[in-house]
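Visitor: The structure follows.
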Amino acid sequence: MFTHLSRTLLLFLFILSFATGAFAQQANFEAAEQFTEDRMEKMTGDTQVNPQWIEDQDRFWYSYENPSGTHWYFVDAEEGEKRSLFDRKKMAAQLSENFSKTFNHKKLELNEFEYNVKNGLFTFHVDSINFKYKLENNELIKGDSLKEESNKRWATYSPDSSWIAYAKNHDLYLLKADDPDSTEYQLTDDGERWYSFQAEAGDTTSNKKLRSVAEWFEDSNKLYAKRTDQRDVEELWVINSLKERPELETYKYPMPGEENVPQDEIWTFKADTLSKTNGVKLNTDRKDWKDEAIGGAFFNNGGIYTGTGSDYLYMLRRNREWNKIDVLKSNTNTGETEVLFSEESNPYFNVMLANLAIINEGEEYIWWSERTGWGQFYRYDKNGNLKNKITDGYFVAGDIAKIDTTEQTLYFEGYGREADMNPYYSQLYKVNFDGSDMERLTPENATHEISSSDNGNYFVDNYSRVDLPTQSVVRNGDGDIITQLEQTDVSRLREAGWQAPEKFKVKAGDDATDIYGVMWKPFDFDSTKSYPIITYVYPGPQVEPFPIGFSHVDETALAQLGFVVVAMGQRGGSPIRSKYYHNYGYGDLRDYPLKDNKYGLEQLAARHSFIDLDKVGIYGHSGGGFMSTAALFTYPDFYDVAVSSAGNHDNNIYNIWWSEIHHGVKGVEKEVEADSTSSDSVKTETDFQSEIETNIDLAQNLEGHLLLVHGTIDNNVHPANTIRLANALIKNGKKFDFMMLPGQRHGFRDYSPYFERLRWRYFAEHLLGVYRPNKIDYNIPED
């Protein structure tokens, strides 16, 4: 007979178990471990062909890993022929003879495998021994031991391999490649730290050969260098606490609205006049633009272009507000510079797709512009006069794939032209210079990644969707498939239970604009159950967070814990849609993407009863870390849990190339007293101002669970971004979780597996109620 206390205890335990069961769900950590990005890559091998085109030929080679090991192939595109580059078993046997040990022919480690154009053979090294391989007779030749500097990372070879450019003590040097005495020719003598011809302008090493900023003209007669004066730019610091003695790292870092920003100058040098008086500084200054830049961040080819000769150099010059561009032509012998044509595009120029092609040594130019609200190509004559529009329509013409000057044909990638096709799918087109006979060359409903030959019109095309494993083919100039290369093998993935993610489309907050995304579900998905939803975010504006083609991503593993995981775009997120879409977030780096993400999740929940909108997680890295935190603060009644890594929570201390272009910077005129030698008592100067909303301003709104993570030596998004946010949260008495990853940059690299499992645990605890004992370590995979 039960006592009153026993009945009460049983009733309490029943209610407790019911309540716990209603909230706590099982998190399938084992399935998540099985479908990490690394594990999936091991099951499939490579997911695309990366062709190594041989210079000035229609032939290429590539290596490809699949479940049967690593293979090397040689392809003649003109002949439509693909064959093994060598017999793997024979190669393993030959290497075994050389080293007196066995080699696995399925996993040969041929390091730095490359084709030597000059000698017409392949080179590689194994266990610090150099080898040569002759294709015509399959001969393997053992060479000398690998020297410490055999690859000469400091060297920039001329196209004809006769000269080597490098830097030392911040000055520029040349060296004849075949000179046994290694005679140095010093081209400059005014280089110094932060005003340098070295790629690493802040280097303090003396008398050591280092890589320079110099680039060669195609004819090998001259080289050019963009030297940036950073001496007056303010410094920034991080401390590497993992060094034997904690080490301070100093670097230059211009922030939005600051007075002192980098100043660019362009120099050219002749390879046959080896003296310090050789250099010509190009006259690129524009007096009415303060802080103008030559090329630089985001521009195709760095915004500096050459023809086949070296008499002229072509550059894009922009103002600091990013809305005006001059196309320049400079005489490399005299330094004289002319403006071919100019363009203004408000609120800012889409420099990510801006492109200039030099046709027949400056007889014509092909230029990309958004002047209609859609990126298109235009043709100009040698004097900079518009001849005709090459492409036309309500779509975006993207990167140039190839230009056939003989046939007057432009090959390019385009987005959004085909009806009923995802506008993010890249398609290959060709069109005549006069705008006639535009033709699509890739008929498959997929995204196409294109690589063109140096010589004829042949293209390696890797095409795929998130639900279509990559197929790799060779096409000719008419789009015909002439050689089948590879198809990603997903048989082992399917055997393990893998299923492709699903594509979806919702409306933006304006109920008019289409937003695209991808959804991942647990592979043991049950439509009668209810699942928390997690959204992976990145605000753009240079790219959106969802995959377009077939790839292995972290979201697959996260979903296996018991979540529906989604990633979608938002207005303002991508440059490959209309200018309106891309510019939507201008002037508002914090708030613009939030409404679209929330509204998209609400639409998905309305469609699918298995989505539990009472349990919403959000996460992202860098701009996504910024966005996920802003979402948690802005809609605290909607988002419950955020994991925010390396977030730029205060864009006032982020770099000018991001913050000023996307938020805006305003030039303000002011009067200042002139120096005593001036005839005017006052003169007018321009100051630049930029003030950006931050997550710190919203810290008092935190109600859910927030995990902040940052690398201690992040020299891109400085740790101060997250530390300032933590400070604001503490001042507001908010509970949150905070981790600094020791010795990590902006990307967490070796610590990524640890951070991924930390993220799993955080969402499992706060969305599923799964609290694993602290004594259980994370299952970090071995290298």
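By convention here, the chains of the structure tokens are called A, B, ... in the order presented, each chain's residues are numbered starting at 1, and ligands are numbered starting at 1 in the order presented.
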Could you go through stretch 496-673 of chain A and tell me which residues DSSP, when run on the backbone, assigns to alpha helix (DSSP H), listing them as a count of residues only?

Guide: 46

Visitor: Quick one: residues within 8 Å of stretch 165-171 of chain A, only C-alpha atoms, excluding same-chain residues fewer than 2 positions away - as a count of residues only?

Guide: 31

Visitor: Excluding same-chain residues fewer than 6 positions from A:Lys287, what lies within 12 Å of it counting only C-alpha atoms, as number ranges by chain?

Guide: A: 319, 685-686

Visitor: Let's have the selection written as a short mmCIF file (atom, residue, chain, number, x, y, z; two decimals), in the first residue's frame, with N, CA and C atoms.

Guide:
data_model
loop_
_atom_site.label_atom_id
_atom_site.label_comp_id
_atom_site.auth_asym_id
_atom_site.auth_seq_id
_atom_site.Cartn_x
_atom_site.Cartn_y
_atom_site.Cartn_z
N ASN A 319 37.73 57.20 -56.86
CA ASN A 319 37.74 58.15 -55.75
C ASN A 319 37.46 57.43 -54.44
N GLU A 685 40.08 72.20 -47.84
CA GLU A 685 40.50 70.81 -47.84
C GLU A 685 39.29 69.92 -47.63
N THR A 686 39.46 68.65 -47.97
CA THR A 686 38.38 67.67 -47.81
C THR A 686 38.70 66.71 -46.68
#

Visitor: Find the spatial neighbours of stretch 60-72 of chain A, counting only C-alpha atoms, within a cut-off of 8 Å - ignore same-chain residues fewer than 4 positions away - and output them as a list in words.

Guide: Lys42, Met43, Thr44, Gly45, Asp46, Val49, Asn50, Pro51, Gln52, Trp53, Ile54, Asp76, Ala77, Ser84, Leu85, Phe86, Arg88, Lys106, Lys107, Leu108, Thr488 and Asp489 of chain A

Visitor: Atoms to include: C-alpha atoms. Write the selected residues as a short mmCIF file (atom, residue, chain, number, x, y, z; two decimals), in the first residue's frame.

Guide:
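Result file part12.cif:
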data_model
loop_
_atom_site.label_atom_id
_atom_site.label_comp_id
_atom_site.auth_asym_id
_atom_site.auth_seq_id
_atom_site.Cartn_x
_atom_site.Cartn_y
_atom_site.Cartn_z
CA LYS A 42 37.17 11.15 -47.91
CA MET A 43 34.10 9.28 -49.16
CA THR A 44 33.87 11.11 -52.48
CA GLY A 45 37.35 12.39 -53.22
CA ASP A 46 37.55 15.45 -55.44
CA VAL A 49 38.60 18.99 -62.08
CA ASN A 50 41.22 21.73 -61.73
CA PRO A 51 42.89 21.84 -65.15
CA GLN A 52 46.52 22.90 -65.43
CA TRP A 53 46.55 24.36 -68.94
CA ILE A 54 49.94 24.29 -70.64
CA ASP A 76 44.54 17.16 -75.63
CA ALA A 77 41.45 19.33 -76.05
CA SER A 84 46.58 8.52 -68.02
CA LEU A 85 49.66 10.63 -67.54
CA PHE A 86 51.54 7.57 -66.33
CA ARG A 88 50.57 4.33 -61.37
CA LYS A 106 46.83 4.37 -55.25
CA LYS A 107 48.13 7.16 -53.00
CA LEU A 108 51.36 8.40 -54.53
CA THR A 488 31.89 12.95 -58.65
CA ASP A 489 31.38 9.51 -57.14
#

Visitor: I need the strand (DSSP E or B) residues of stretch 364-433 of chain A per DSSP on the backbone, written as a PyMOL selection string.

Guide: chain A and resi 364-369+376-381+386-389+396-404+409-415+427-432

Visitor: Identify, on the basis of only C-alpha atoms, every residue whose closest approach to stretch 460-476 of chain A does not exceed 9 Å; exclude the query and any residue fewer than 4 positions from it along the same chain; express the result as a compact mmCIF listing (two decimals) with all heavy atoms, in the first residue's frame.

Guide:
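Saved to part.txt:
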# COMPACT_ATOMS: atom_id res chain seq x y z
N THR A 47 35.71 16.91 -55.97
CA THR A 47 34.38 17.25 -56.48
C THR A 47 34.46 18.13 -57.72
O THR A 47 33.44 18.64 -58.17
CB THR A 47 33.54 17.95 -55.40
OG1 THR A 47 34.24 19.13 -54.96
CG2 THR A 47 33.29 17.03 -54.22
N GLN A 48 35.66 18.31 -58.29
CA GLN A 48 35.78 19.01 -59.56
C GLN A 48 37.18 18.79 -60.13
O GLN A 48 38.09 18.38 -59.42
CB GLN A 48 35.53 20.51 -59.40
CG GLN A 48 36.56 21.24 -58.57
CD GLN A 48 36.32 22.74 -58.55
OE1 GLN A 48 35.23 23.21 -58.84
NE2 GLN A 48 37.35 23.49 -58.24
N VAL A 49 37.31 19.07 -61.41
CA VAL A 49 38.60 18.99 -62.08
C VAL A 49 39.22 20.38 -62.09
O VAL A 49 38.56 21.35 -62.48
CB VAL A 49 38.44 18.47 -63.52
CG1 VAL A 49 39.71 18.69 -64.33
CG2 VAL A 49 38.04 17.00 -63.52
N ASN A 50 40.48 20.47 -61.67
CA ASN A 50 41.22 21.73 -61.73
C ASN A 50 42.28 21.61 -62.82
O ASN A 50 43.38 21.12 -62.57
CB ASN A 50 41.87 22.03 -60.38
CG ASN A 50 40.86 22.30 -59.30
OD1 ASN A 50 39.94 23.09 -59.50
ND2 ASN A 50 41.00 21.64 -58.16
N PRO A 51 41.96 22.05 -64.03
CA PRO A 51 42.89 21.84 -65.15
C PRO A 51 44.12 22.72 -65.04
O PRO A 51 44.04 23.89 -64.68
CB PRO A 51 42.04 22.23 -66.37
CG PRO A 51 41.06 23.23 -65.85
CD PRO A 51 40.75 22.78 -64.45
N ALA A 77 42.82 18.86 -75.78
CA ALA A 77 41.45 19.33 -76.05
C ALA A 77 41.14 19.34 -77.54
O ALA A 77 40.04 18.99 -77.96
CB ALA A 77 41.26 20.72 -75.45
N GLU A 78 42.12 19.73 -78.34
CA GLU A 78 41.88 19.82 -79.79
C GLU A 78 41.58 18.44 -80.38
O GLU A 78 40.71 18.29 -81.25
CB GLU A 78 43.09 20.43 -80.48
CG GLU A 78 42.87 20.70 -81.96
CD GLU A 78 44.04 21.43 -82.59
OE1 GLU A 78 45.12 21.52 -81.97
OE2 GLU A 78 43.86 21.93 -83.72
N GLY A 80 40.48 15.95 -78.55
CA GLY A 80 39.44 15.30 -77.74
C GLY A 80 39.92 14.03 -77.08
O GLY A 80 39.16 13.08 -76.87
N TYR A 425 22.98 30.53 -60.98
CA TYR A 425 23.67 29.55 -61.80
C TYR A 425 24.46 30.26 -62.89
O TYR A 425 23.90 30.96 -63.72
CB TYR A 425 22.69 28.57 -62.44
CG TYR A 425 22.05 27.59 -61.49
CD1 TYR A 425 21.04 26.74 -61.90
CD2 TYR A 425 22.46 27.50 -60.15
CE1 TYR A 425 20.45 25.83 -61.05
CE2 TYR A 425 21.87 26.60 -59.29
CZ TYR A 425 20.87 25.77 -59.73
OH TYR A 425 20.29 24.88 -58.87
N LEU A 441 26.09 28.54 -74.34
CA LEU A 441 26.89 27.36 -74.69
C LEU A 441 26.76 26.23 -73.69
O LEU A 441 27.31 25.15 -73.90
CB LEU A 441 28.37 27.76 -74.81
CG LEU A 441 28.69 28.88 -75.81
CD1 LEU A 441 30.19 29.15 -75.82
CD2 LEU A 441 28.19 28.53 -77.20
N THR A 442 26.07 26.46 -72.58
CA THR A 442 25.93 25.44 -71.53
C THR A 442 24.46 25.15 -71.30
O THR A 442 23.79 25.86 -70.54
CB THR A 442 26.58 25.94 -70.22
OG1 THR A 442 26.16 27.30 -69.98
CG2 THR A 442 28.09 25.93 -70.33
N GLU A 444 22.87 22.74 -69.75
CA GLU A 444 22.42 22.06 -68.54
C GLU A 444 21.89 23.05 -67.50
O GLU A 444 22.47 24.11 -67.30
CB GLU A 444 23.57 21.24 -67.93
CG GLU A 444 24.10 20.16 -68.84
CD GLU A 444 25.14 20.67 -69.83
OE1 GLU A 444 25.49 21.87 -69.75
OE2 GLU A 444 25.59 19.88 -70.67
N ASN A 445 20.81 22.67 -66.84
CA ASN A 445 20.23 23.48 -65.76
C ASN A 445 21.06 23.25 -64.50
O ASN A 445 20.72 22.48 -63.62
CB ASN A 445 18.77 23.10 -65.54
CG ASN A 445 18.11 23.98 -64.48
OD1 ASN A 445 18.70 24.93 -63.99
ND2 ASN A 445 16.89 23.66 -64.15
N ALA A 446 22.18 23.96 -64.44
CA ALA A 446 23.14 23.81 -63.35
C ALA A 446 24.05 25.02 -63.38
O ALA A 446 23.97 25.85 -64.27
CB ALA A 446 23.95 22.52 -63.53
N THR A 447 24.91 25.13 -62.38
CA THR A 447 25.91 26.20 -62.41
C THR A 447 27.19 25.65 -63.00
O THR A 447 27.58 24.50 -62.75
CB THR A 447 26.15 26.78 -61.00
OG1 THR A 447 26.93 27.97 -61.11
CG2 THR A 447 26.84 25.79 -60.08
N HIS A 448 27.85 26.47 -63.81
CA HIS A 448 29.00 26.02 -64.59
C HIS A 448 30.25 26.81 -64.19
O HIS A 448 30.25 28.04 -64.26
CB HIS A 448 28.73 26.21 -66.08
CG HIS A 448 27.58 25.40 -66.59
ND1 HIS A 448 27.75 24.24 -67.33
CD2 HIS A 448 26.24 25.56 -66.45
CE1 HIS A 448 26.56 23.74 -67.62
NE2 HIS A 448 25.63 24.52 -67.09
N GLU A 449 31.29 26.10 -63.79
CA GLU A 449 32.57 26.73 -63.47
C GLU A 449 33.50 26.50 -64.65
O GLU A 449 33.80 25.36 -65.00
CB GLU A 449 33.16 26.15 -62.19
CG GLU A 449 34.44 26.82 -61.76
CD GLU A 449 34.94 26.31 -60.42
OE1 GLU A 449 34.10 26.15 -59.51
OE2 GLU A 449 36.15 26.09 -60.29
N ILE A 450 33.98 27.59 -65.24
CA ILE A 450 34.66 27.54 -66.53
C ILE A 450 36.14 27.86 -66.39
O ILE A 450 36.55 28.78 -65.68
CB ILE A 450 34.02 28.54 -67.52
CG1 ILE A 450 32.52 28.24 -67.70
CG2 ILE A 450 34.75 28.52 -68.85
CD1 ILE A 450 32.21 26.89 -68.30
N SER A 451 36.98 27.08 -67.10
CA SER A 451 38.40 27.37 -67.22
C SER A 451 38.77 27.23 -68.69
O SER A 451 38.53 26.18 -69.30
CB SER A 451 39.24 26.41 -66.37
OG SER A 451 40.62 26.59 -66.60
N SER A 452 39.37 28.28 -69.28
CA SER A 452 39.64 28.29 -70.71
C SER A 452 41.10 27.99 -71.03
O SER A 452 41.99 28.24 -70.22
CB SER A 452 39.27 29.65 -71.31
OG SER A 452 40.09 30.67 -70.78
N SER A 453 41.33 27.48 -72.23
CA SER A 453 42.68 27.21 -72.70
C SER A 453 43.38 28.51 -73.06
O SER A 453 42.74 29.53 -73.32
CB SER A 453 42.64 26.29 -73.92
OG SER A 453 42.04 26.97 -75.02
N GLY A 456 43.38 27.95 -78.21
CA GLY A 456 42.10 27.96 -78.91
C GLY A 456 40.93 28.13 -77.97
O GLY A 456 41.09 28.38 -76.77
N ASP A 480 29.89 22.40 -77.63
CA ASP A 480 29.78 20.94 -77.76
C ASP A 480 30.73 20.26 -76.78
O ASP A 480 31.89 20.68 -76.62
CB ASP A 480 30.12 20.50 -79.18
CG ASP A 480 29.24 21.16 -80.23
OD1 ASP A 480 28.04 21.34 -79.95
OD2 ASP A 480 29.75 21.50 -81.31
N ILE A 481 30.25 19.20 -76.16
CA ILE A 481 31.11 18.40 -75.28
C ILE A 481 31.95 17.48 -76.14
O ILE A 481 31.43 16.66 -76.90
CB ILE A 481 30.26 17.59 -74.27
CG1 ILE A 481 29.53 18.54 -73.32
CG2 ILE A 481 31.15 16.63 -73.49
CD1 ILE A 481 28.60 17.84 -72.35
N ILE A 482 33.27 17.64 -76.04
CA ILE A 482 34.16 16.83 -76.87
C ILE A 482 34.92 15.78 -76.06
O ILE A 482 35.44 14.83 -76.62
CB ILE A 482 35.16 17.72 -77.64
CG1 ILE A 482 35.98 18.58 -76.69
CG2 ILE A 482 34.43 18.59 -78.64
CD1 ILE A 482 37.06 19.39 -77.38
N THR A 483 34.97 15.97 -74.74
CA THR A 483 35.63 14.98 -73.89
C THR A 483 34.95 14.94 -72.52
O THR A 483 34.75 15.99 -71.91
CB THR A 483 37.12 15.32 -73.67
OG1 THR A 483 37.75 15.53 -74.91
CG2 THR A 483 37.83 14.19 -72.93
N GLN A 484 34.60 13.75 -72.08
CA GLN A 484 34.11 13.56 -70.71
C GLN A 484 35.31 13.35 -69.81
O GLN A 484 36.17 12.52 -70.10
CB GLN A 484 33.18 12.34 -70.64
CG GLN A 484 31.93 12.44 -71.48
CD GLN A 484 30.84 13.26 -70.81
OE1 GLN A 484 30.96 13.62 -69.64
NE2 GLN A 484 29.78 13.56 -71.55
N LEU A 485 35.37 14.09 -68.72
CA LEU A 485 36.51 13.98 -67.82
C LEU A 485 36.18 13.15 -66.58
O LEU A 485 36.67 12.04 -66.42
CB LEU A 485 37.00 15.38 -67.42
CG LEU A 485 37.51 16.27 -68.56
CD1 LEU A 485 37.89 17.65 -68.03
CD2 LEU A 485 38.69 15.63 -69.27
N GLU A 486 35.34 13.69 -65.70
CA GLU A 486 35.06 13.01 -64.44
C GLU A 486 33.62 13.26 -64.01
O GLU A 486 32.98 14.21 -64.47
CB GLU A 486 35.98 13.52 -63.31
CG GLU A 486 37.46 13.45 -63.60
CD GLU A 486 38.01 12.05 -63.66
OE1 GLU A 486 37.35 11.10 -63.17
OE2 GLU A 486 39.13 11.88 -64.21
N GLN A 487 33.14 12.41 -63.12
CA GLN A 487 31.87 12.64 -62.43
C GLN A 487 32.07 12.29 -60.97
O GLN A 487 32.59 11.21 -60.65
CB GLN A 487 30.74 11.80 -63.03
CG GLN A 487 29.41 12.04 -62.33
CD GLN A 487 28.23 11.39 -63.07
OE1 GLN A 487 28.38 10.99 -64.22
NE2 GLN A 487 27.10 11.29 -62.41
N THR A 488 31.69 13.19 -60.08
CA THR A 488 31.89 12.95 -58.65
C THR A 488 31.17 11.68 -58.22
O THR A 488 29.98 11.49 -58.49
CB THR A 488 31.37 14.14 -57.83
OG1 THR A 488 32.08 15.33 -58.21
CG2 THR A 488 31.57 13.90 -56.34
N ASP A 489 31.90 10.81 -57.56
CA ASP A 489 31.38 9.51 -57.14
C ASP A 489 30.79 9.64 -55.74
O ASP A 489 31.52 9.82 -54.76
CB ASP A 489 32.52 8.49 -57.15
CG ASP A 489 32.04 7.07 -56.88
OD1 ASP A 489 30.89 6.90 -56.40
OD2 ASP A 489 32.81 6.13 -57.15
N VAL A 490 29.46 9.56 -55.64
CA VAL A 490 28.79 9.69 -54.34
C VAL A 490 28.26 8.35 -53.85
O VAL A 490 27.43 8.30 -52.93
CB VAL A 490 27.64 10.73 -54.41
CG1 VAL A 490 28.18 12.11 -54.69
CG2 VAL A 490 26.61 10.33 -55.46
N GLN A 499 21.80 12.15 -48.17
CA GLN A 499 20.77 12.64 -49.09
C GLN A 499 21.10 14.08 -49.45
O GLN A 499 21.62 14.84 -48.63
CB GLN A 499 19.38 12.57 -48.45
CG GLN A 499 18.95 11.18 -48.03
CD GLN A 499 17.70 11.21 -47.18
OE1 GLN A 499 16.80 12.00 -47.42
NE2 GLN A 499 17.66 10.36 -46.16
N ALA A 500 20.81 14.43 -50.68
CA ALA A 500 21.11 15.79 -51.14
C ALA A 500 20.22 16.80 -50.42
O ALA A 500 19.07 16.51 -50.09
CB ALA A 500 20.90 15.90 -52.65
N PRO A 501 20.74 18.01 -50.17
CA PRO A 501 19.89 19.06 -49.59
C PRO A 501 18.84 19.52 -50.60
O PRO A 501 18.89 19.18 -51.79
CB PRO A 501 20.90 20.17 -49.27
CG PRO A 501 22.02 19.95 -50.21
CD PRO A 501 22.12 18.47 -50.42
N GLU A 502 17.90 20.31 -50.11
CA GLU A 502 16.80 20.77 -50.95
C GLU A 502 16.92 22.26 -51.22
O GLU A 502 17.28 23.03 -50.34
CB GLU A 502 15.46 20.50 -50.24
CG GLU A 502 15.23 19.04 -49.90
CD GLU A 502 14.00 18.83 -49.03
OE1 GLU A 502 13.17 19.78 -48.94
OE2 GLU A 502 13.88 17.74 -48.43
N LYS A 503 16.60 22.65 -52.44
CA LYS A 503 16.57 24.07 -52.81
C LYS A 503 15.19 24.64 -52.47
O LYS A 503 14.19 23.92 -52.52
CB LYS A 503 16.85 24.24 -54.30
CG LYS A 503 18.15 23.59 -54.76
CD LYS A 503 18.40 23.81 -56.24
CE LYS A 503 17.33 23.18 -57.11
NZ LYS A 503 17.33 21.71 -57.03
N VAL A 518 18.89 27.03 -49.42
CA VAL A 518 19.09 25.58 -49.38
C VAL A 518 18.74 25.09 -47.99
O VAL A 518 19.01 25.76 -46.99
CB VAL A 518 20.55 25.23 -49.73
CG1 VAL A 518 20.80 23.73 -49.61
CG2 VAL A 518 20.91 25.71 -51.14
N PRO A 547 25.26 27.36 -50.71
CA PRO A 547 26.02 26.83 -51.85
C PRO A 547 25.17 26.84 -53.11
O PRO A 547 23.95 26.67 -53.07
CB PRO A 547 26.35 25.40 -51.41
CG PRO A 547 25.27 25.04 -50.44
CD PRO A 547 24.91 26.31 -49.74
N ILE A 548 25.83 27.02 -54.25
CA ILE A 548 25.14 27.01 -55.55
C ILE A 548 25.35 25.65 -56.22
O ILE A 548 24.42 25.04 -56.72
CB ILE A 548 25.68 28.13 -56.46
CG1 ILE A 548 25.67 29.47 -55.73
CG2 ILE A 548 24.87 28.20 -57.74
CD1 ILE A 548 24.32 29.90 -55.25
N GLY A 549 26.60 25.19 -56.22
CA GLY A 549 26.92 23.91 -56.83
C GLY A 549 27.12 22.83 -55.79
O GLY A 549 26.95 23.04 -54.59
N PHE A 550 27.51 21.64 -56.26
CA PHE A 550 27.72 20.51 -55.38
C PHE A 550 28.97 20.74 -54.53
O PHE A 550 30.03 21.07 -55.05
CB PHE A 550 27.88 19.22 -56.19
CG PHE A 550 28.00 17.99 -55.35
CD1 PHE A 550 26.87 17.37 -54.84
CD2 PHE A 550 29.24 17.45 -55.05
CE1 PHE A 550 26.97 16.24 -54.05
CE2 PHE A 550 29.36 16.32 -54.27
CZ PHE A 550 28.22 15.71 -53.76
N SER A 551 28.83 20.55 -53.24
CA SER A 551 29.96 20.76 -52.34
C SER A 551 29.66 20.10 -51.01
O SER A 551 28.52 19.75 -50.70
CB SER A 551 30.23 22.26 -52.14
OG SER A 551 29.09 22.90 -51.60

Visitor: Between A:Gln376, A:Asn732, A:Leu172, A:Ser100, which is the closest to A:Glu184 once you count only C-alpha atoms?

Guide: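 Counting only C-alpha atoms, the residue closest to A:Glu184 is A:Leu172.
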
Visitor: Find the residue from A:Asp58, A:Tyr584, A:Ser530, A:Val665 that sits nearest to A:Asp612; use only C-alpha atoms when measuring.

Guide: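 Among the listed residues, the smallest separation from A:Asp612 belongs to A:Ser530.
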
Visitor: Which residues come within 12 Å of A:Leu758, counting only C-alpha atoms, excluding same-chain residues fewer than 4 positions away, as JSON, numbers by chain?

Guide: {"A": [29, 558, 643, 644, 645, 707, 708, 709, 737, 738, 739, 741, 751, 752, 753, 754, 762, 763, 764, 765, 772, 777, 778, 779, 780]}

Visitor: When you draw a straight line from atom CA of A:Ile403 to atom CA of A:Gln57, how long is it in Å?

Guide: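 We find that atom CA of A:Ile403 and atom CA of A:Gln57 lie 15.4 Å from each other.
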
Visitor: Can you pull out every residue within 9 Å of stretch 623-638 of chain A, counting only C-alpha atoms, but drop anything in the same chain fewer than 5 positions away, and send it as a ChimeraX atom specification?

Guide: /A:535-540,545,590-591,593-595,597-598,613-616,618,643-650,694-695,698-706,708-709

Visitor: Give me, please, the distance in Å between atom CA of A:Gly279 and atom CA of A:Ile266, quoted to one decimal.

Guide: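 Taking atom CA of A:Gly279 and atom CA of A:Ile266, their separation equals 10.0 Å.
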
Visitor: Rounded to one decimal in Å, what is the spacing between atom CA of A:Glu363 and atom CA of A:Asn331?

Guide: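 Taking atom CA of A:Glu363 and atom CA of A:Asn331, their separation equals 15.1 Å.
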
Visitor: Check the smallest atom-to-atom distance from each of A:Glu495, A:Glu97, A:Asp127, A:Glu41 to A:Asn111 using only C-alpha atoms, then report the winner.

Guide: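 For A:Asn111, the nearest of the given residues is A:Asp127.
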